[in-house]
Structures are given as C-alpha cells and as structure tokens.
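Q: One file: protein_1.txt (compact mmCIF, C-alpha atoms).
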```
# COMPACT_ATOMS: atom_id res chain seq x y z
CA MET R 1 -43.86 20.55 0.83
CA ILE R 2 -41.87 22.86 3.13
CA ASN R 3 -41.06 19.88 5.38
CA LYS R 4 -39.67 17.96 2.38
CA ILE R 5 -37.46 20.89 1.37
CA PHE R 6 -36.31 21.33 4.97
CA ASN R 7 -35.53 17.58 5.24
CA ILE R 8 -33.59 17.62 1.97
CA ASN R 9 -31.60 20.69 3.05
CA ALA R 10 -30.93 19.13 6.46
CA LEU R 11 -29.75 15.92 4.78
CA LEU R 12 -27.45 17.84 2.43
CA LEU R 13 -25.99 19.77 5.35
CA LEU R 14 -25.43 16.55 7.29
CA LEU R 15 -23.74 14.92 4.29
CA SER R 16 -21.46 17.91 3.75
CA LEU R 17 -20.48 17.96 7.43
CA SER R 18 -19.74 14.23 7.44
CA ALA R 19 -17.68 14.57 4.26
CA THR R 20 -15.47 17.20 5.89
CA ALA R 21 -15.31 15.57 9.32
CA GLN R 22 -11.80 15.18 10.61
CA PRO R 23 -10.54 11.68 11.39
CA GLU R 24 -10.74 10.76 15.07
CA VAL R 25 -7.99 9.19 17.17
CA ASN R 26 -8.76 5.59 18.24
CA LYS R 27 -11.55 5.47 15.66
CA ASP R 28 -9.94 6.30 12.31
CA TYR R 29 -6.32 6.06 13.43
CA GLU R 30 -4.14 5.40 16.44
CA LEU R 31 -0.89 6.94 17.58
CA ILE R 32 2.27 4.84 17.22
CA PRO R 33 5.80 5.16 18.65
CA SER R 34 7.60 7.90 16.73
CA ASP R 35 10.91 6.10 16.21
CA LEU R 36 9.68 3.28 13.94
CA ILE R 37 9.18 5.02 10.58
CA GLU R 38 10.78 8.35 9.67
CA GLY R 39 9.75 11.03 7.23
CA GLN R 40 6.56 12.48 5.87
CA ALA R 41 4.97 9.65 3.93
CA ILE R 42 1.98 7.39 3.64
CA THR R 43 3.62 4.02 4.19
CA GLU R 44 1.86 0.80 3.24
CA VAL R 45 3.17 -2.53 4.47
CA PHE R 46 1.69 -5.06 2.06
CA GLY R 47 1.87 -8.68 0.97
CA TYR R 48 1.41 -9.91 -2.59
CA TRP R 49 -0.55 -12.92 -1.31
CA CYS R 50 -3.04 -10.70 0.57
CA ASN R 51 -6.47 -10.13 -1.02
CA ALA R 52 -7.05 -6.97 1.05
CA CYS R 53 -3.69 -5.57 -0.16
CA PHE R 54 -4.63 -6.30 -3.78
CA SER R 55 -7.96 -4.54 -3.24
CA PHE R 56 -6.31 -1.58 -1.46
CA GLU R 57 -4.00 -1.07 -4.46
CA SER R 58 -6.81 0.75 -6.29
CA THR R 59 -7.11 3.18 -3.33
CA VAL R 60 -3.35 3.79 -3.43
CA MET R 61 -3.56 4.52 -7.17
CA GLN R 62 -6.51 6.89 -6.70
CA LEU R 63 -4.63 8.69 -3.92
CA LYS R 64 -1.58 9.13 -6.19
CA GLU R 65 -3.80 10.47 -9.00
CA GLN R 66 -5.55 12.94 -6.69
CA ARG R 67 -2.36 14.10 -4.98
CA PRO R 68 0.79 13.29 -6.97
CA ASP R 69 2.80 15.37 -4.48
CA VAL R 70 2.17 12.88 -1.65
CA ASN R 71 5.08 10.59 -0.80
CA VAL R 72 3.71 7.03 -0.86
CA VAL R 73 6.13 4.34 0.32
CA GLN R 74 5.37 0.65 -0.02
CA ILE R 75 7.18 -1.96 2.06
CA PRO R 76 6.84 -5.59 1.01
CA ALA R 77 6.19 -8.16 3.73
CA GLY R 78 6.57 -11.90 3.51
CA ASN R 79 9.90 -13.30 2.44
CA GLU R 80 13.01 -12.27 0.54
CA THR R 81 11.65 -13.55 -2.78
CA TYR R 82 8.66 -11.18 -2.63
CA ALA R 83 10.78 -8.29 -1.40
CA ARG R 84 13.41 -8.79 -4.12
CA LEU R 85 10.67 -9.00 -6.75
CA PHE R 86 9.14 -5.72 -5.56
CA TYR R 87 12.50 -3.89 -5.59
CA THR R 88 13.41 -5.34 -8.98
CA ILE R 89 10.20 -3.93 -10.47
CA LYS R 90 11.01 -0.54 -8.90
CA ALA R 91 14.65 -0.54 -10.07
CA LEU R 92 13.64 -1.33 -13.64
CA ASN R 93 10.88 1.32 -13.57
CA LEU R 94 8.30 -1.21 -14.78
CA GLY R 95 5.53 0.72 -13.06
CA LYS R 96 2.22 -0.14 -11.48
CA ASP R 97 1.29 -2.65 -14.20
CA ALA R 98 4.20 -4.91 -13.27
CA HIS R 99 3.32 -4.55 -9.59
CA LEU R 100 -0.27 -5.55 -10.39
CA ASN R 101 0.99 -8.46 -12.51
CA VAL R 102 2.56 -9.97 -9.39
CA TYR R 103 -0.75 -9.69 -7.51
CA LYS R 104 -2.68 -11.17 -10.43
CA ASP R 105 -0.23 -14.03 -10.95
CA ILE R 106 -0.33 -15.02 -7.28
CA GLN R 107 -3.98 -14.40 -6.50
CA LEU R 108 -5.78 -15.03 -9.78
CA LEU R 109 -3.51 -17.46 -11.61
CA ARG R 110 -2.26 -19.19 -8.42
CA LYS R 111 1.37 -19.00 -9.54
CA ASN R 112 4.10 -19.77 -7.02
CA PHE R 113 7.03 -17.46 -6.30
CA ASN R 114 9.32 -19.70 -4.29
CA ASN R 115 12.66 -19.42 -6.08
CA GLU R 116 14.59 -17.76 -8.89
CA ALA R 117 13.12 -20.10 -11.53
CA ASP R 118 9.62 -18.89 -10.58
CA ILE R 119 10.79 -15.28 -10.89
CA GLU R 120 12.38 -15.97 -14.27
CA GLU R 121 9.08 -17.53 -15.45
CA PHE R 122 7.26 -14.40 -14.24
CA ALA R 123 9.60 -12.19 -16.30
CA ALA R 124 9.11 -14.36 -19.39
CA ARG R 125 5.32 -14.56 -18.96
CA HIS R 126 5.08 -10.76 -18.97
CA ASP R 127 7.69 -10.15 -21.71
CA TYR R 128 10.25 -8.44 -19.49
CA ASP R 129 13.89 -8.79 -20.51
CA GLN R 130 14.69 -11.95 -18.52
CA THR R 131 18.45 -11.42 -18.35
CA LYS R 132 18.14 -7.83 -17.19
CA PHE R 133 15.32 -8.73 -14.79
CA MET R 134 17.26 -11.57 -13.17
CA ASN R 135 20.48 -9.54 -12.97
CA VAL R 136 18.68 -6.86 -10.97
CA TYR R 137 16.74 -9.44 -8.94
CA SER R 138 19.97 -11.24 -7.96
CA SER R 139 22.01 -8.09 -7.34
CA PHE R 140 23.58 -7.17 -4.03
CA GLY R 141 21.73 -3.82 -3.95
CA THR R 142 18.33 -5.46 -4.40
CA GLY R 143 19.22 -7.96 -1.68
CA ILE R 144 20.09 -5.15 0.77
CA LYS R 145 16.80 -3.34 0.06
CA ALA R 146 14.87 -6.58 0.55
CA LYS R 147 16.62 -7.38 3.84
CA ASN R 148 16.08 -3.81 5.12
CA ALA R 149 12.38 -3.98 4.24
CA LEU R 150 11.94 -7.31 6.03
CA ARG R 151 13.83 -5.96 9.05
CA THR R 152 11.45 -2.97 9.17
CA VAL R 153 8.47 -5.34 8.98
CA ARG R 154 9.88 -7.36 11.90
CA GLU R 155 10.52 -4.22 13.96
CA LEU R 156 6.96 -3.01 13.36
CA GLY R 157 5.66 -6.41 14.39
CA ASN R 158 7.80 -6.51 17.52
CA ALA R 159 6.52 -3.04 18.48
CA GLY R 160 2.92 -4.25 18.14
CA VAL R 161 2.21 -1.84 15.30
CA LEU R 162 2.00 -4.45 12.54
CA GLU R 163 -0.66 -7.07 13.15
CA GLY R 164 -1.25 -7.95 9.52
CA VAL R 165 -1.24 -6.53 6.03
CA PRO R 166 -2.08 -4.08 4.70
CA THR R 167 -0.97 -1.76 7.46
CA ILE R 168 -0.97 1.96 6.68
CA LEU R 169 1.32 4.29 8.64
CA ILE R 170 1.25 8.04 8.13
CA ASN R 171 4.20 10.35 8.80
CA GLY R 172 5.61 7.82 11.28
CA LYS R 173 2.99 8.97 13.81
CA TYR R 174 -0.30 7.35 12.91
CA LYS R 175 -1.56 3.87 12.13
CA PHE R 176 -4.53 4.34 9.84
CA ARG R 177 -7.67 2.21 10.07
CA ARG R 178 -9.17 1.46 6.68
CA THR R 179 -12.89 1.39 5.92
CA ALA R 180 -14.84 0.07 2.94
CA ASP R 181 -15.21 3.65 1.63
CA ALA R 182 -12.19 4.32 -0.61
CA GLN R 183 -12.76 8.07 -0.91
CA LYS R 184 -13.17 8.44 2.86
CA ASN R 185 -9.93 6.50 3.30
CA ILE R 186 -8.15 8.84 0.89
CA SER R 187 -9.57 11.99 2.53
CA ASN R 188 -8.61 10.81 6.02
CA MET R 189 -5.13 9.71 4.97
CA LEU R 190 -4.51 13.04 3.26
CA PHE R 191 -5.78 14.96 6.30
CA LEU R 192 -3.34 13.10 8.56
CA TYR R 193 -0.54 13.48 6.00
CA ASP R 194 -1.06 17.24 5.75
CA ASN R 195 -1.41 17.91 9.48
```
Could you write out this file's structure as structure tokens?
A:
Amino acid sequence: MINKIFNINALLLLLSLSATAQPEVNKDYELIPSDLIEGQAITEVFGYWCNACFSFESTVMQLKEQRPDVNVVQIPAGNETYARLFYTIKALNLGKDAHLNVYKDIQLLRKNFNNEADIEEFAARHDYDQTKFMNVYSSFGTGIKAKNALRTVRELGNAGVLEGVPTILINGKYKFRRTADAQKNISNMLFLYDN
C-alpha cells in the first residue's frame, strides 16, 4: 500500500515538473535571424489550403482566450487572392468566423478562390455585403497589405526560416516547433513570448 502511494506521489510530481518544464532550444524552438520579423508578437504564417493551419487555428483561438493581452499576428501565404481575402476580412472586422469560413470553404466544400468572381461568391454565400466586401477587397490599401505580406513570406523563405505552413515565429527571435499537444504548445509559446 505504501509503495502504491509513493508511486502515485512520484507520478504526480513528475507530471507537475513536466508541465512546468521550460521549452528547450533546438527541441521546442530554434533561434532565427533577428532582422526578419520585428516586435513582440506570436506570428503565424499560414495558408488557407493547409490542413495543419486549419487545425492549428483552434490552438490560436485558445491562446487568445487564455491571454488576450498577447499580440498574435497572422500572415497569409500563397497568392494575392488569399492575402487580399484575409485583409478584407480584417478590415471589415468580420472576425474569426469569417476567417474560419474561408478554411471551411476551401478545405471542406472544395471551393476555388482563383479570381474576384470566386471572392464575390464567397461574400454572397456567407451573407456579407457583396458591394462593400468587393470594394475593400479591390482597394489599393488591401493590395498593399497583401503585397507586403507576400514579400515577408518570400523573405522568410529566402532566409531558410519558412519551410512550410504553419510556421510560428515568436518575438522575431524564435521559430516554434509545434507538437500534437495544444496546451503544451500554448504554454511553450507563452513562455517564449514572455521571456
């Protein structure tokens, strides 16, 4: 009986130590050149076509719920259509549901987003004001944001930091390595963000 209690206490101690373990360089993250991304932020480079990005979205939402003070920046990869769509949703303050609608349309409904007609159909399908949506989508400001995002993606790729999506960069210093454990991912990202 004493052995069982000792084993249970030892197991609980081990679990508590592993839960508070700090992330390790070259295991949980790697150092990146400091001039690629500026500012204190958890930056996710993502693609709407990417299943892993769609899955990681729930981790991003949990992180935002746990720590609303954390600056989370998302950078769309792919092409100008995807980037413009992302920045249109942001400019119109349509929120996470609209962002998830893009993922669902592409990955679950197999909708194409190749041109403005596809984007207009997306707006209509989800009952967004089509005229307003397309005006923002086609605007010069949205185009600049999209081009800047794609340029950043290229620069990260050229520096060898971006090998695929999703790629998570923290405070412009760390490239985070995801695991299957969402809460561990959140804890490790927040540790790196705070330190």
Q: Quote the spacing between atom CA of R:Gly47 and atom CA of R:Pro76 in Å to one decimal place.
A: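 Atom-to-atom, atom CA of R:Gly47 to atom CA of R:Pro76, that is 5.9 Å.
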Q: Do a neighbour search on R:Ser34 at 9 Å with all atoms listed in the file, toss out local chain neighbours closer than 3 positions, and write the hits as a ChimeraX atom specification.
A: /R:31,37-38,171-174
Q: Find, counting all atoms listed in the file, the residue in R:Ile106, R:Ile89, R:Leu36, R:Ala52 that gets nearest to R:Gly157.
A: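 Ranking R:Ile106, R:Ile89, R:Leu36, R:Ala52 by distance to R:Gly157, first place goes to R:Leu36.
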Q: Which residues are near R:Lys184? Cut-off 12 Å, only C-alpha atoms, ignore same chain within fewer than 6 positions. Put them as number ranges by chain.
A: R: 18-23, 28, 59, 62-63, 176-178, 190-191
Q: Report, in Å to a single decimal, how far apart atom CA of R:Ile75 and atom CA of R:Val165 are.
A: 10.4 Å
Q: Within 12 Å of R:Arg154, counting all atoms listed in the file, which residues qualify if same-chain residues fewer than 5 places away don't, as a JSON list (two decimals) with C-alpha atoms, in the coordinates of the input?
A:
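Okay, this is what ended up in part-v9.json:
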```json
[["chain", "number", "residue", "atom", "x", "y", "z"],
["R", 36, "LEU", "CA", 9.68, 3.28, 13.94],
["R", 45, "VAL", "CA", 3.17, -2.53, 4.47],
["R", 75, "ILE", "CA", 7.18, -1.96, 2.06],
["R", 76, "PRO", "CA", 6.84, -5.59, 1.01],
["R", 77, "ALA", "CA", 6.19, -8.16, 3.73],
["R", 78, "GLY", "CA", 6.57, -11.90, 3.51],
["R", 79, "ASN", "CA", 9.90, -13.30, 2.44],
["R", 147, "LYS", "CA", 16.62, -7.38, 3.84],
["R", 148, "ASN", "CA", 16.08, -3.81, 5.12],
["R", 149, "ALA", "CA", 12.38, -3.98, 4.24],
["R", 159, "ALA", "CA", 6.52, -3.04, 18.48],
["R", 160, "GLY", "CA", 2.92, -4.25, 18.14],
["R", 161, "VAL", "CA", 2.21, -1.84, 15.30],
["R", 162, "LEU", "CA", 2.00, -4.45, 12.54],
["R", 163, "GLU", "CA", -0.66, -7.07, 13.15],
["R", 164, "GLY", "CA", -1.25, -7.95, 9.52]]
```
Q: Any chance you could tabulate, as a Markdown table, the residues of stretch 19-97 of chain R at most 8 Å from stretch 110-130 of chain R with each one's nearest atom pair and distance in Å to one decimal, using all atoms listed in the file, in chain and rising number order?
A:
```
| residue | atom | partner | partner_atom | distance |
| --- | --- | --- | --- | --- |
| R:Thr81 | CA | R:Asn114 | CA | 6.7 |
| R:Tyr82 | CA | R:Phe113 | CA | 7.5 |
| R:Leu85 | CA | R:Ile119 | CA | 7.5 |
```
Q: Under the rule that all atoms listed in the file are counted, which of R:Glu155, R:Val73, R:Asn26, R:Ser138 is the nearest residue to R:Gln40?
A: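 Selected residue with least distance to R:Gln40: R:Val73.
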Q: Work out how far apart atom CA of R:Ala180 and atom CA of R:Glu65 are and give it in Å to one decimal.
A: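 Separation of atom CA of R:Ala180 and atom CA of R:Glu65: 19.3 Å.
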Q: Can you sort out the box for stretch 66-75 of chain R, edges along x, y and z, all listed atoms in, 3 Å on every side, with centre and edge lengths in Å to one decimal, as lines of an AutoDock Vina configuration file?
A:
```
center_x = 0.8
center_y = 6.7
center_z = -2.5
size_x = 18.7
size_y = 23.3
size_z = 15.0
```
Q: So which residues touch R:Leu100 within 9 Å, counting only C-alpha atoms, skipping near sequence neighbours fewer than 4 positions away, as a list in words?
A: Phe54, Glu57, Gly95, Lys96, Lys104 and Asp105 of chain R
Q: Save out the residues we just selected, C-alpha atoms, as a short mmCIF file (atom, residue, chain, number, x, y, z; two decimals), in the frame of the given file.
A:
```cif
data_model
loop_
_atom_site.label_atom_id
_atom_site.label_comp_id
_atom_site.auth_asym_id
_atom_site.auth_seq_id
_atom_site.Cartn_x
_atom_site.Cartn_y
_atom_site.Cartn_z
CA PHE R 54 -4.63 -6.30 -3.78
CA GLU R 57 -4.00 -1.07 -4.46
CA GLY R 95 5.53 0.72 -13.06
CA LYS R 96 2.22 -0.14 -11.48
CA LYS R 104 -2.68 -11.17 -10.43
CA ASP R 105 -0.23 -14.03 -10.95
#
```
Q: Which residue is closest to R:Phe86? Choose from R:Ser187, R:Thr142, R:Asn71, R:Ser58 and count all atoms listed in the file.
A: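 So, comparing all the options, the nearest one is R:Thr142.
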Q: With all atoms listed in the file as the atoms that count, which of R:Lys175, R:Arg151, R:Lys145, R:Lys27 lies nearest to R:Lys90?
A: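 Smallest separation from R:Lys90 among the options: R:Lys145.
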Q: Set the distance at 8 Å and use all atoms listed in the file: which residues neighbour R:Ile170 once local chain neighbours fewer than 6 positions away are removed? I'd like the list as a ChimeraX atom specification.
A: /R:40-43,176,189,192-193
